[in-house]
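Data from coords.pdb: PDB, C-alpha atoms
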```pdb
ATOM      1  CA  MET U   1      47.531 139.731 119.342
ATOM      2  CA  GLU U   2      46.023 139.570 122.822
ATOM      3  CA  HIS U   3      43.691 136.782 121.690
ATOM      4  CA  ILE U   4      46.655 134.725 120.449
ATOM      5  CA  VAL U   5      48.524 135.317 123.721
ATOM      6  CA  ARG U   6      45.500 134.039 125.665
ATOM      7  CA  LYS U   7      45.548 130.878 123.530
ATOM      8  CA  ALA U   8      49.273 130.449 124.220
ATOM      9  CA  ILE U   9      48.677 130.831 127.957
ATOM     10  CA  LYS U  10      46.126 128.008 127.711
ATOM     11  CA  GLY U  11      48.785 125.776 126.151
ATOM     12  CA  ASP U  12      48.359 126.313 122.392
ATOM     13  CA  ASP U  13      51.899 125.776 121.039
ATOM     14  CA  GLU U  14      51.083 127.194 117.590
ATOM     15  CA  ALA U  15      49.804 130.391 119.182
ATOM     16  CA  PHE U  16      53.013 130.646 121.209
ATOM     17  CA  LEU U  17      55.113 130.252 118.053
ATOM     18  CA  ASP U  18      53.055 132.957 116.345
ATOM     19  CA  ILE U  19      53.649 135.478 119.090
ATOM     20  CA  ILE U  20      57.356 134.630 119.270
ATOM     21  CA  ARG U  21      57.649 135.165 115.507
ATOM     22  CA  SER U  22      56.013 138.571 115.878
ATOM     23  CA  CYS U  23      58.548 139.808 118.437
ATOM     24  CA  LYS U  24      61.641 137.826 117.403
ATOM     25  CA  ALA U  25      63.348 140.851 115.804
ATOM     26  CA  ASP U  26      62.851 142.978 118.921
ATOM     27  CA  LEU U  27      64.232 140.204 121.106
ATOM     28  CA  TYR U  28      67.280 139.848 118.873
ATOM     29  CA  LYS U  29      67.927 143.616 118.780
ATOM     30  CA  THR U  30      67.699 143.807 122.558
ATOM     31  CA  ALA U  31      70.040 140.861 123.020
ATOM     32  CA  LEU U  32      72.518 142.246 120.501
ATOM     33  CA  ALA U  33      72.495 145.655 122.201
ATOM     34  CA  TYR U  34      73.462 144.032 125.492
ATOM     35  CA  MET U  35      75.658 141.152 124.381
ATOM     36  CA  ARG U  36      77.308 142.837 121.368
ATOM     37  CA  ASN U  37      77.913 139.475 119.811
ATOM     38  CA  GLU U  38      75.675 137.778 117.226
ATOM     39  CA  GLU U  39      76.181 134.239 118.525
ATOM     40  CA  GLU U  40      75.457 135.224 122.114
ATOM     41  CA  ALA U  41      72.442 137.250 120.988
ATOM     42  CA  LEU U  42      71.030 134.255 119.111
ATOM     43  CA  GLU U  43      71.664 132.035 122.118
ATOM     44  CA  ALA U  44      69.866 134.602 124.303
ATOM     45  CA  VAL U  45      66.841 134.574 121.990
ATOM     46  CA  GLN U  46      66.675 130.788 122.211
ATOM     47  CA  GLU U  47      67.032 130.746 125.984
ATOM     48  CA  VAL U  48      64.491 133.511 126.542
ATOM     49  CA  THR U  49      62.033 131.828 124.185
ATOM     50  CA  PHE U  50      62.378 128.645 126.238
ATOM     51  CA  ARG U  51      61.965 130.548 129.511
ATOM     52  CA  ALA U  52      58.899 132.361 128.192
ATOM     53  CA  TYR U  53      57.391 129.085 126.984
ATOM     54  CA  ARG U  54      57.961 127.538 130.390
ATOM     55  CA  SER U  55      56.440 130.423 132.316
ATOM     56  CA  ILE U  56      53.806 131.878 129.984
ATOM     57  CA  LYS U  57      51.089 130.526 132.264
ATOM     58  CA  ASP U  58      52.318 133.038 134.871
ATOM     59  CA  LEU U  59      51.681 136.017 132.564
ATOM     60  CA  LYS U  60      48.893 137.974 134.217
ATOM     61  CA  GLN U  61      48.217 140.590 131.526
ATOM     62  CA  PRO U  62      48.240 139.184 127.976
ATOM     63  CA  ALA U  63      48.214 142.698 126.523
ATOM     64  CA  TYR U  64      51.756 143.172 127.865
ATOM     65  CA  PHE U  65      53.290 139.997 126.428
ATOM     66  CA  LYS U  66      55.883 141.859 124.373
ATOM     67  CA  THR U  67      56.932 143.996 127.332
ATOM     68  CA  TRP U  68      57.063 140.905 129.535
ATOM     69  CA  ILE U  69      59.294 138.928 127.189
ATOM     70  CA  ILE U  70      61.607 141.875 126.487
ATOM     71  CA  ARG U  71      62.035 142.323 130.217
ATOM     72  CA  ILE U  72      62.943 138.633 130.493
ATOM     73  CA  MET U  73      65.534 139.263 127.764
ATOM     74  CA  ILE U  74      67.000 142.267 129.561
ATOM     75  CA  HIS U  75      67.295 140.332 132.817
ATOM     76  CA  TYR U  76      68.827 137.343 131.036
ATOM     77  CA  CYS U  77      71.437 139.508 129.293
ATOM     78  CA  CYS U  78      72.321 141.397 132.472
ATOM     79  CA  ASP U  79      72.710 138.110 134.343
ATOM     80  CA  ARG U  80      74.937 136.682 131.600
ATOM     81  CA  LEU U  81      77.146 139.755 131.571
ATOM     82  CA  LYS U  82      77.470 139.695 135.353
ATOM     83  CA  LYS U  83      78.376 136.009 135.300
ATOM     84  CA  GLN U  84      81.030 136.647 132.704
ATOM     85  CA  HIS U  85      82.453 139.444 134.885
ATOM     86  CA  ARG U  86      83.013 141.583 131.873
ATOM     87  CA  LEU U  87      81.477 144.051 129.556
ATOM     88  CA  VAL U  88      81.435 142.885 125.992
ATOM     89  CA  TYR U  89      83.231 145.256 123.655
ATOM     90  CA  ASN U  90      83.705 144.392 120.039
ATOM     91  CA  GLU U  91      87.119 145.940 119.391
ATOM     92  CA  GLN U  92      86.965 145.200 115.681
ATOM     93  CA  LEU U  93      83.830 147.326 115.388
ATOM     94  CA  LEU U  94      85.505 150.103 117.365
ATOM     95  CA  LEU U  95      88.535 150.027 115.091
ATOM     96  CA  ALA U  96      86.463 149.735 111.925
ATOM     97  CA  SER U  97      84.167 152.591 112.844
ATOM     98  CA  GLY U  98      85.364 155.943 111.833
ATOM     99  CA  GLY U  99      82.191 157.932 111.390
ATOM    100  CA  GLU U 100      80.825 160.381 113.903
ATOM    101  CA  GLU U 101      77.532 158.448 114.112
ATOM    102  CA  ASP U 102      79.365 155.219 114.969
ATOM    103  CA  THR U 103      81.362 156.984 117.671
ATOM    104  CA  LEU U 104      78.199 158.489 119.155
ATOM    105  CA  LEU U 105      76.512 155.074 119.112
ATOM    106  CA  PHE U 106      79.399 153.553 121.079
ATOM    107  CA  GLU U 107      79.379 156.473 123.522
ATOM    108  CA  VAL U 108      75.648 155.985 124.142
ATOM    109  CA  GLN U 109      76.105 152.227 124.569
ATOM    110  CA  ASP U 110      78.973 152.747 127.015
ATOM    111  CA  ALA U 111      76.974 155.336 128.954
ATOM    112  CA  MET U 112      73.974 152.967 129.079
ATOM    113  CA  GLU U 113      76.184 150.196 130.468
ATOM    114  CA  ALA U 114      77.397 152.528 133.211
ATOM    115  CA  LEU U 115      73.824 153.066 134.466
ATOM    116  CA  ASP U 116      72.167 150.999 137.165
ATOM    117  CA  ASP U 117      70.017 148.077 136.007
ATOM    118  CA  ARG U 118      66.653 149.780 136.519
ATOM    119  CA  SER U 119      67.683 152.937 134.652
ATOM    120  CA  ARG U 120      69.092 150.929 131.759
ATOM    121  CA  GLU U 121      65.950 148.791 131.624
ATOM    122  CA  LEU U 122      63.615 151.811 131.743
ATOM    123  CA  LEU U 123      65.462 153.620 128.965
ATOM    124  CA  THR U 124      65.546 150.474 126.852
ATOM    125  CA  LEU U 125      61.829 149.856 127.231
ATOM    126  CA  LYS U 126      60.828 153.485 126.667
ATOM    127  CA  TYR U 127      63.197 154.610 123.936
ATOM    128  CA  PHE U 128      64.376 151.470 122.157
ATOM    129  CA  HIS U 129      61.065 149.604 122.262
ATOM    130  CA  ASP U 130      58.776 152.661 122.179
ATOM    131  CA  LEU U 131      56.658 151.574 125.126
ATOM    132  CA  LYS U 132      54.332 154.123 126.640
ATOM    133  CA  ILE U 133      54.762 155.260 130.252
ATOM    134  CA  LYS U 134      51.454 153.543 131.020
ATOM    135  CA  GLU U 135      52.787 150.205 129.741
ATOM    136  CA  VAL U 136      56.044 150.535 131.668
ATOM    137  CA  ALA U 137      54.111 151.473 134.821
ATOM    138  CA  ALA U 138      51.926 148.378 134.428
ATOM    139  CA  LEU U 139      54.983 146.213 133.943
ATOM    140  CA  TYR U 140      56.591 147.514 137.130
ATOM    141  CA  ASN U 141      53.259 147.619 138.931
ATOM    142  CA  ARG U 142      53.950 151.251 139.905
ATOM    143  CA  PRO U 143      52.092 154.545 139.360
ATOM    144  CA  GLU U 144      52.858 156.422 136.151
ATOM    145  CA  GLY U 145      54.230 159.344 138.179
ATOM    146  CA  THR U 146      56.799 157.071 139.823
ATOM    147  CA  VAL U 147      57.903 155.721 136.442
ATOM    148  CA  LYS U 148      58.185 159.276 135.074
ATOM    149  CA  THR U 149      60.381 160.237 138.031
ATOM    150  CA  TRP U 150      62.567 157.161 137.507
ATOM    151  CA  LEU U 151      62.777 157.904 133.794
ATOM    152  CA  ASN U 152      63.811 161.527 134.396
ATOM    153  CA  LYS U 153      66.533 160.392 136.808
ATOM    154  CA  ALA U 154      67.726 157.790 134.299
ATOM    155  CA  LEU U 155      67.900 160.399 131.523
ATOM    156  CA  LYS U 156      69.782 162.801 133.806
ATOM    157  CA  SER U 157      72.280 160.063 134.682
ATOM    158  CA  LEU U 158      72.684 159.168 131.013
ATOM    159  CA  ARG U 159      73.313 162.829 130.152
ATOM    160  CA  GLU U 160      75.945 163.049 132.887
ATOM    161  CA  LYS U 161      77.683 159.882 131.679
ATOM    162  CA  LEU U 162      77.714 161.196 128.115
ATOM    163  CA  GLU U 163      79.079 164.573 129.190
ATOM    164  CA  GLU U 164      81.844 162.819 131.141
ATOM    165  CA  SER U 165      82.868 161.004 127.966
ATOM    166  CA  GLY U 166      82.608 164.150 125.853
ATOM    167  CA  GLY U 167      79.434 163.104 124.044
ATOM    168  CA  LYS U 168      76.292 165.163 123.783
ATOM    169  CA  MET U 169      72.696 164.154 124.183
ATOM    170  CA  ASP U 170      69.797 166.125 122.721
ATOM    171  CA  VAL U 171      66.865 164.801 124.733
TER
END
```

What does the file become when written as structure tokens?
Amino acid sequence: MEHIVRKAIKGDDEAFLDIIRSCKADLYKTALAYMRNEEEALEAVQEVTFRAYRSIKDLKQPAYFKTWIIRIMIHYCCDRLKKQHRLVYNEQLLLASGGEEDTLLFEVQDAMEALDDRSRELLTLKYFHDLKIKEVAALYNRPEGTVKTWLNKALKSLREKLEESGGKMDV
């Protein structure tokens, strides 16, 4: 994959399309988790793909392409939500969900939204995209120990938010 990313950085459009195809599902899942709306998630994927295409020459570490583009997605979604001055809740899904798992999912999503941007981003990268601490540290250009500290604080905050809402977190 790193070889293809290097080709894309040099301007190879086919290589860029190949790497976008390989991470399209992750981009969509991330956008959907933030936007909670299929149309807005698809629009986010298109916009982030365009932004990545425009700025791929600025990518310093080809090995971290996926992390880089997911971070672009997270920032894009957060910016969109801030501009809309609202949190997107899909009331039909809330009403349609009756199972305990669905309720827990909504509680976790609500608790994640209540976190600060960095905490939400760290938890998303680590637990929803399975990135290693080393990869996250490289992305933030910080020591692994710092990222671990941030991650522990983010998990503690998430636990507190879940306990406030009556949910439980086994982490």

Result set of the PyMOL selection byres ((chain U and resi 40) around 12) on the coordinates above, as number ranges by chain:
U: 28-39, 41-48, 76-77, 80-81, 88

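Nearest residue to Ile56 of chain U, choosing from U:Lys83, U:Arg21, U:Lys153, U:Lys7 and counting only C-alpha atoms: U:Lys7.
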
For a cutoff of 10 Å around the file-coordinate point (63.4, 140.3, 128.9), which residues qualify once you count all atoms listed in the file? I'd like the result as a PDB file with C-alpha atoms, in the coordinates of the input.
```
ATOM      1  CA  LEU U  27      64.232 140.204 121.106  1.00  0.00           C
ATOM      2  CA  THR U  30      67.699 143.807 122.558  1.00  0.00           C
ATOM      3  CA  ALA U  31      70.040 140.861 123.020  1.00  0.00           C
ATOM      4  CA  ALA U  44      69.866 134.602 124.303  1.00  0.00           C
ATOM      5  CA  VAL U  45      66.841 134.574 121.990  1.00  0.00           C
ATOM      6  CA  VAL U  48      64.491 133.511 126.542  1.00  0.00           C
ATOM      7  CA  THR U  49      62.033 131.828 124.185  1.00  0.00           C
ATOM      8  CA  ARG U  51      61.965 130.548 129.511  1.00  0.00           C
ATOM      9  CA  ALA U  52      58.899 132.361 128.192  1.00  0.00           C
ATOM     10  CA  LYS U  66      55.883 141.859 124.373  1.00  0.00           C
ATOM     11  CA  THR U  67      56.932 143.996 127.332  1.00  0.00           C
ATOM     12  CA  TRP U  68      57.063 140.905 129.535  1.00  0.00           C
ATOM     13  CA  ILE U  69      59.294 138.928 127.189  1.00  0.00           C
ATOM     14  CA  ILE U  70      61.607 141.875 126.487  1.00  0.00           C
ATOM     15  CA  ARG U  71      62.035 142.323 130.217  1.00  0.00           C
ATOM     16  CA  ILE U  72      62.943 138.633 130.493  1.00  0.00           C
ATOM     17  CA  MET U  73      65.534 139.263 127.764  1.00  0.00           C
ATOM     18  CA  ILE U  74      67.000 142.267 129.561  1.00  0.00           C
ATOM     19  CA  HIS U  75      67.295 140.332 132.817  1.00  0.00           C
ATOM     20  CA  TYR U  76      68.827 137.343 131.036  1.00  0.00           C
ATOM     21  CA  CYS U  77      71.437 139.508 129.293  1.00  0.00           C
ATOM     22  CA  CYS U  78      72.321 141.397 132.472  1.00  0.00           C
ATOM     23  CA  GLU U 121      65.950 148.791 131.624  1.00  0.00           C
ATOM     24  CA  LEU U 125      61.829 149.856 127.231  1.00  0.00           C
TER      25      LEU U 125
END
```

With all atoms listed in the file as the atoms that count, which of U:His129, U:Arg118, U:Lys161, U:Arg54 lies nearest to Val147 of chain U?
U:Arg118

In Å, rounded to a single decimal, give me how far atom CA of Lys60 of chain U is from atom CA of Ala138 of chain U.
10.8 Å

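Atom pair atom CA of Trp150 of chain U / atom CA of Glu163 of chain U has a distance of 19.9 Å (rounded to one decimal).
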
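The spacing separating atom CA of Leu131 of chain U from atom CA of Tyr64 of chain U amounts to 10.1 Å.
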
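Taken over the whole file, the PyMOL selection byres ((chain U and resi 8) around 12) covers exactly Met1, Glu2, His3, Ile4, Val5, Arg6, Lys7, Ile9, Lys10, Gly11, Asp12, Asp13, Glu14, Ala15, Phe16, Leu17, Asp18, Ile19, Ile20, Ala52, Tyr53, Arg54, Ser55, Ile56, Lys57, Asp58, Leu59, Pro62 and Phe65 of chain U.
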
Centre and edge lengths, as JSON, for the axis-aligned box enclosing every listed atom of segment 21-24 of chain U with 5 Å of padding on each of the six sides, in Å to one decimal?
```
{"center_x": 58.8, "center_y": 137.5, "center_z": 117.0, "size_x": 15.6, "size_y": 14.6, "size_z": 12.9}
```

Contacts of segment 108-113 of chain U at 7 Å or less, counting all atoms listed in the file, minus same-chain residues fewer than 4 places along, as a VMD selection string?
chain U and resid 104 120 158 161 to 162

Selected residues, C-alpha atoms, written as an mmCIF file, in the coordinates of the input, please.
```
data_model
loop_
_atom_site.group_PDB
_atom_site.id
_atom_site.type_symbol
_atom_site.label_atom_id
_atom_site.label_comp_id
_atom_site.auth_asym_id
_atom_site.auth_seq_id
_atom_site.Cartn_x
_atom_site.Cartn_y
_atom_site.Cartn_z
ATOM 1 C CA LEU U 104 78.199 158.489 119.155
ATOM 2 C CA ARG U 120 69.092 150.929 131.759
ATOM 3 C CA LEU U 158 72.684 159.168 131.013
ATOM 4 C CA LYS U 161 77.683 159.882 131.679
ATOM 5 C CA LEU U 162 77.714 161.196 128.115
#
```

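Across U:Glu164, U:Ser22, U:Asp116, U:Ile133, the tightest approach to Thr149 of chain U is made by U:Ile133 when counting only C-alpha atoms.
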
Selected residue, from U:Lys148, U:Ala63, U:Tyr140, U:Asp26, that lies nearest to Phe128 of chain U when counting all atoms listed in the file
U:Asp26
